[in-house]
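A short worksheet on the structure shown next.
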Amino acid sequence: MEVSYPFTGIVDQRAMKRALLINAVNPDVSGVLLRGERGTAKSTAVRALAAVLPEIAVVADCPYGCPPADPDRMCSDCQQRHAAGDDLPVERRRMRVVDLPLNASEDRVVGSIDLQRAVESGEATFEPGILADANRNVLYVDEVNLLDDHIVDVLLDAAAMGENIVEREGVSFRHPSEFVLVGTMNPEEGDLRPQLLDRFDIVVDVGASDDPGERVEIAERREAFDADPEAFRAAYADEQRALRERLRAARERLGGVEMAEDRQRDASYEALRQRAHGMRADIAVSRIARAIAALDGEDEVTESSVAEAQYFAFPHRVEGVAEMTFGEAALSTGNDGDAEEGEDDDDESEGDDSADQQGGGIPIAEGEASYTVDRTAIDPEKDRTMRSALARRTPSRVDVRSGRYVRSRIREDVDDVAIDATLRAAAPHQRQRGREGDELVIEPRDLRQKLRERTARALVVFVVDASGSVMSGRQMMETKRGLLSLIEDAYRARNRVAVVVFRGEGAFTLVEPTRNHRQARDAVSGLTVGGNTPLAHGLVEAYQLVQREQRRDQELYPLVVVLSDGQSNVEYREDGDAKEDTFRAAAMFDDDDIPSVFVDTGHKIDTTPDEIWTDRKARRMKRKRHERNREFAAAMGADYLPLIDLPRDVDLEALDWEEGTA
């Protein structure tokens, strides 16, 4: 059995520990989300919480741990027994931390038919899943931002209703599922789905200590724990016991804690002033503040309790405000020994400075205006069987034991049994098979394989021309606006993005593959332009990036989007030809069947005259460029799309444009 690290032995991280304790005191607080980089004790703290959680009264023989004194929160079986006047067996158990693995199937999460009873008796009986186990406990999801969409939907439904409703495989069942949702995540791996983020009343940004003394102490404590876990835990036994008692007393006190109407009014006014989304911020502040007061031994919510509650409840619901800017003094002056100074964590990524280190240039004009991308505008021919538009997450049927069960099929080697289909296949043959009693006779030929549906993991690689040829005011701004809009579209589809930039004498990866689309937006906003046009270098850089990512994930579906006017004046090979090298590099994508799109950023947008030529010669030159770009797209096996045609619902000609403005 794994021995957990003692909660009181965690160095610093007071805001994180405080948030977990608040939720342990008041289960009505709808969850805690811990966001931070790797190695900041997020998972350690959550697993350590189990040892200090208080005891609760449960019906001893109930798989859902129903409360014996509250019929409204009981399962149907306990309610029937209670209504009949039966004496329900009661015992006290400590609350537990129940893990929800990222690779858990939907059957395992919501529950499914009991296979053994179905085979033995032919009865379709419900077998509880993780949501049943989590009832009245803590449900912990590590890397919660990486959960499959269908699992997120299940969590949202259960969290909203406080019960799990199952309608599948011949089973219609519901049971209570009230849990404290605790999630951890690394923002570098991408943001959390907004609907799920809003379900967390408390969000804490966790960072590594920048105090050398604390870092040394953390390392020494961890080394001591690894060397002798039992001895290390014994050293903190008294502190653990005291904290457990404090939590027990706070839970008992919680029901009597009052929040004055003027304090609630002030909290709601602050939520309005900060333009917090919806009503959950107001409700969260009330719940959190009462828990803080109970934890601090108060019978009434104080001003400092409200300020601290705002610290936890507001930042992720208020746009345009730096994270953790509310009630910062509350954590440093409170009565709690676990109190923390307000962190000045800024979750905004600053982008990659490598853009400016790769040679000089002028900044793309400030402003982040963007438009909605017409989802019919980009539809790579090679990938139409997998996606219907750019960056669209598309369900694909796969032979793996994850994803949503959609239907069954006959297969020789069945390793993921579709119980409902198997029972239906066996039922008509019971008389011929000499069935006796209630036992169902199932033969190997009856077995059916589950066919599951899982969202395809996609990576959209943007290859951006930042050379001097795109420096004309309108072309420069349209390129930026189009790119920002495509990044937003990828964010809505929850796909990873990467940005490759070429200019000067080479190319570089501005943004490595990430789900943190805010980082990509910031990096693009700070991008500079100027210099030669090494298009071949940009293509090779993108090709190598795709190859590397496909080696890591063989099920990855890449899409490469090149945004350029097609001009190229830097050879890739020594003594090579710039145009020939560009076409050779483009052919690699066609040879490997990598879906791609060439977005022509110059067609009908670049209106600069061609030096001193006549209008007729200028038009002829632009026509030749257009034809060359179509040839380039064909060599790449890419769909050709003029940037001006990307936003089908916007009349760009009608817009006012000035040099250097968005």
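Within each chain, counting starts at residue 1; across the structure tokens, chains are named A, B, ... in the order shown, with ligands numbered 1 upward in that order.
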### Task
Within 12 Å of Arg215 in chain A, counting only C-alpha atoms, which residues show up once you throw out same-chain ones fewer than 2 positions away? Write them as a list in words, please.
Ile10, Val11, Asp12, Gln13, Gly39, Thr40, Ala208, Ser209, Asp210, Asp211, Pro212, Gly213, Glu217, Ile218, Ala219, Glu220, Arg221 and Arg222 of chain A
Go ahead and write the selection's residues with N, CA and C atoms as a JSON list (two decimals), in the first residue's frame.
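out_31.json, freshly written:
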```json
[["chain", "number", "residue", "atom", "x", "y", "z"],
["A", 10, "ILE", "N", 4.14, 19.54, 3.93],
["A", 10, "ILE", "CA", 4.37, 20.26, 2.68],
["A", 10, "ILE", "C", 4.87, 21.66, 3.00],
["A", 11, "VAL", "N", 5.98, 22.03, 2.41],
["A", 11, "VAL", "CA", 6.60, 23.33, 2.66],
["A", 11, "VAL", "C", 5.87, 24.41, 1.85],
["A", 12, "ASP", "N", 5.54, 25.52, 2.52],
["A", 12, "ASP", "CA", 4.90, 26.67, 1.89],
["A", 12, "ASP", "C", 3.61, 26.25, 1.17],
["A", 13, "GLN", "N", 3.37, 26.76, -0.02],
["A", 13, "GLN", "CA", 2.15, 26.49, -0.80],
["A", 13, "GLN", "C", 0.90, 26.69, 0.06],
["A", 39, "GLY", "N", 6.04, 19.69, -10.80],
["A", 39, "GLY", "CA", 6.92, 19.71, -9.64],
["A", 39, "GLY", "C", 6.58, 20.74, -8.60],
["A", 40, "THR", "N", 5.31, 21.10, -8.47],
["A", 40, "THR", "CA", 4.90, 22.09, -7.46],
["A", 40, "THR", "C", 4.01, 21.48, -6.38],
["A", 208, "ALA", "N", 6.46, 27.27, -8.22],
["A", 208, "ALA", "CA", 7.58, 26.80, -7.42],
["A", 208, "ALA", "C", 8.16, 27.95, -6.61],
["A", 209, "SER", "N", 8.66, 27.65, -5.43],
["A", 209, "SER", "CA", 9.23, 28.67, -4.56],
["A", 209, "SER", "C", 10.49, 29.26, -5.19],
["A", 210, "ASP", "N", 10.65, 30.58, -5.04],
["A", 210, "ASP", "CA", 11.87, 31.22, -5.50],
["A", 210, "ASP", "C", 12.78, 31.59, -4.33],
["A", 211, "ASP", "N", 12.48, 31.01, -3.15],
["A", 211, "ASP", "CA", 13.31, 31.21, -1.96],
["A", 211, "ASP", "C", 14.30, 30.04, -1.87],
["A", 212, "PRO", "N", 15.61, 30.31, -1.96],
["A", 212, "PRO", "CA", 16.60, 29.22, -1.91],
["A", 212, "PRO", "C", 16.48, 28.38, -0.64],
["A", 213, "GLY", "N", 16.19, 29.03, 0.49],
["A", 213, "GLY", "CA", 16.07, 28.30, 1.74],
["A", 213, "GLY", "C", 14.91, 27.31, 1.71],
["A", 217, "GLU", "N", 14.89, 23.15, 1.88],
["A", 217, "GLU", "CA", 14.07, 22.43, 2.86],
["A", 217, "GLU", "C", 13.15, 21.42, 2.17],
["A", 218, "ILE", "N", 12.58, 21.80, 1.03],
["A", 218, "ILE", "CA", 11.71, 20.88, 0.29],
["A", 218, "ILE", "C", 12.50, 19.64, -0.12],
["A", 219, "ALA", "N", 13.69, 19.85, -0.65],
["A", 219, "ALA", "CA", 14.51, 18.72, -1.09],
["A", 219, "ALA", "C", 14.90, 17.82, 0.07],
["A", 220, "GLU", "N", 15.24, 18.42, 1.21],
["A", 220, "GLU", "CA", 15.65, 17.63, 2.38],
["A", 220, "GLU", "C", 14.48, 16.82, 2.93],
["A", 221, "ARG", "N", 13.29, 17.42, 2.99],
["A", 221, "ARG", "CA", 12.12, 16.69, 3.49],
["A", 221, "ARG", "C", 11.75, 15.54, 2.55],
["A", 222, "ARG", "N", 11.82, 15.79, 1.27],
["A", 222, "ARG", "CA", 11.48, 14.73, 0.33],
["A", 222, "ARG", "C", 12.47, 13.57, 0.43]]
```
### Task
Write out as a PyMOL selection string each polymer residue whose atoms come within 7 Å of range 258-271 of chain A, counting only C-alpha atoms; drop sequence neighbours fewer than 3 positions from it.
chain A and resi 274-276+281-282+299-301
### Query
Near Ala134 in chain A, within 12 Å and counting only C-alpha atoms, which residues show up once chain neighbours fewer than 6 positions away are dropped, as a ChimeraX atom specification?
/A:63-66,95-100,109-110,128,140-141,155,158-159,162-164,175-182
Could you take the residues named above and write them with C-alpha atoms, as a short mmCIF file (atom, residue, chain, number, x, y, z; two decimals), in the first residue's frame?
```
data_model
loop_
_atom_site.label_atom_id
_atom_site.label_comp_id
_atom_site.auth_asym_id
_atom_site.auth_seq_id
_atom_site.Cartn_x
_atom_site.Cartn_y
_atom_site.Cartn_z
CA PRO A 63 -22.32 0.91 -1.98
CA TYR A 64 -22.95 4.66 -2.24
CA GLY A 65 -22.27 5.55 1.39
CA CYS A 66 -25.65 7.22 1.86
CA MET A 95 -13.79 10.68 3.62
CA ARG A 96 -11.62 9.32 0.82
CA VAL A 97 -9.84 10.67 -2.26
CA VAL A 98 -11.11 8.71 -5.27
CA ASP A 99 -8.96 8.88 -8.42
CA LEU A 100 -10.43 9.29 -11.88
CA VAL A 109 -16.86 6.12 -14.73
CA VAL A 110 -20.66 5.92 -14.81
CA PRO A 128 -21.51 0.94 -9.77
CA TYR A 140 -9.56 13.73 -7.92
CA VAL A 141 -8.66 14.22 -11.59
CA LEU A 155 -18.73 15.00 -14.83
CA ALA A 158 -23.19 14.65 -12.22
CA ALA A 159 -21.80 17.84 -10.65
CA GLY A 162 -25.75 15.62 -7.62
CA GLU A 163 -26.67 12.25 -9.09
CA ASN A 164 -25.57 9.89 -11.82
CA HIS A 175 -27.87 6.99 -7.77
CA PRO A 176 -26.55 9.92 -5.69
CA SER A 177 -23.17 11.29 -6.73
CA GLU A 178 -22.29 14.32 -4.65
CA PHE A 179 -18.55 14.78 -4.62
CA VAL A 180 -15.88 17.37 -4.00
CA LEU A 181 -14.20 17.78 -7.38
CA VAL A 182 -10.47 18.45 -7.15
#
```
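Between CA of Asp639 in chain A and CA of Glu189 in chain A the separation is 29.7 Å.
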### Message
With distances taken over only C-alpha atoms, which residue among A:Asp296, A:Ala104, A:Ile56, A:Pro6 lies nearest Ala231 in chain A?
### Response
A:Pro6
### Task
Based on DSSP run over this structure's backbone, return all residues of range 207-291 of chain A in helix (DSSP H, G or I), as an MDAnalysis selection string.
chainID A and resid 212:227 229:235 237:254 261:273 280:291
Using C-alpha atoms, can you write the selected residues to a file as a tab-separated table (two decimals), in the first residue's frame?
```tsv
chain	number	residue	atom	x	y	z
A	212	PRO	CA	16.60	29.22	-1.91
A	213	GLY	CA	16.07	28.30	1.74
A	214	GLU	CA	12.61	26.87	1.08
A	215	ARG	CA	13.85	24.92	-1.94
A	216	VAL	CA	16.59	23.33	0.16
A	217	GLU	CA	14.07	22.43	2.86
A	218	ILE	CA	11.71	20.88	0.29
A	219	ALA	CA	14.51	18.72	-1.09
A	220	GLU	CA	15.65	17.63	2.38
A	221	ARG	CA	12.12	16.69	3.49
A	222	ARG	CA	11.48	14.73	0.33
A	223	GLU	CA	14.75	12.85	0.74
A	224	ALA	CA	13.88	12.03	4.35
A	225	PHE	CA	10.42	10.79	3.35
A	226	ASP	CA	11.79	8.57	0.58
A	227	ALA	CA	14.38	7.10	2.93
A	229	PRO	CA	8.26	7.10	5.05
A	230	GLU	CA	6.92	5.74	8.35
A	231	ALA	CA	9.45	7.64	10.46
A	232	PHE	CA	8.77	10.83	8.50
A	233	ARG	CA	5.02	10.47	8.97
A	234	ALA	CA	5.49	9.79	12.67
A	235	ALA	CA	7.34	13.10	13.00
A	237	ALA	CA	1.65	12.73	13.51
A	238	ASP	CA	0.75	15.33	16.15
A	239	GLU	CA	0.31	18.09	13.56
A	240	GLN	CA	-1.80	15.79	11.38
A	241	ARG	CA	-3.99	14.87	14.35
A	242	ALA	CA	-4.45	18.53	15.31
A	243	LEU	CA	-5.40	19.49	11.75
A	244	ARG	CA	-7.88	16.62	11.54
A	245	GLU	CA	-9.53	17.77	14.76
A	246	ARG	CA	-9.60	21.33	13.51
A	247	LEU	CA	-11.40	20.24	10.34
A	248	ARG	CA	-13.89	18.20	12.36
A	249	ALA	CA	-14.66	21.20	14.58
A	250	ALA	CA	-14.97	23.52	11.58
A	251	ARG	CA	-17.48	21.20	9.88
A	252	GLU	CA	-19.58	21.14	13.05
A	253	ARG	CA	-19.39	24.92	13.36
A	254	LEU	CA	-20.21	25.58	9.68
A	261	GLU	CA	-26.64	40.88	4.47
A	262	ASP	CA	-24.38	43.91	4.02
A	263	ARG	CA	-21.35	41.64	3.53
A	264	GLN	CA	-23.22	39.63	0.90
A	265	ARG	CA	-24.28	42.88	-0.77
A	266	ASP	CA	-20.70	44.16	-0.82
A	267	ALA	CA	-19.48	40.87	-2.30
A	268	SER	CA	-22.14	40.98	-5.02
A	269	TYR	CA	-21.32	44.60	-5.79
A	270	GLU	CA	-17.66	43.66	-6.23
A	271	ALA	CA	-18.66	40.83	-8.57
A	272	LEU	CA	-20.67	43.32	-10.64
A	273	ARG	CA	-17.87	45.87	-10.61
A	280	ARG	CA	-21.65	31.54	-9.59
A	281	ALA	CA	-19.07	34.07	-8.36
A	282	ASP	CA	-21.54	35.52	-5.82
A	283	ILE	CA	-22.61	32.08	-4.64
A	284	ALA	CA	-19.03	30.83	-4.46
A	285	VAL	CA	-17.91	33.77	-2.33
A	286	SER	CA	-20.69	33.08	0.16
A	287	ARG	CA	-19.85	29.37	0.45
A	288	ILE	CA	-16.11	29.92	0.66
A	289	ALA	CA	-16.35	32.79	3.16
A	290	ARG	CA	-18.48	30.72	5.52
A	291	ALA	CA	-15.98	27.86	5.33
```
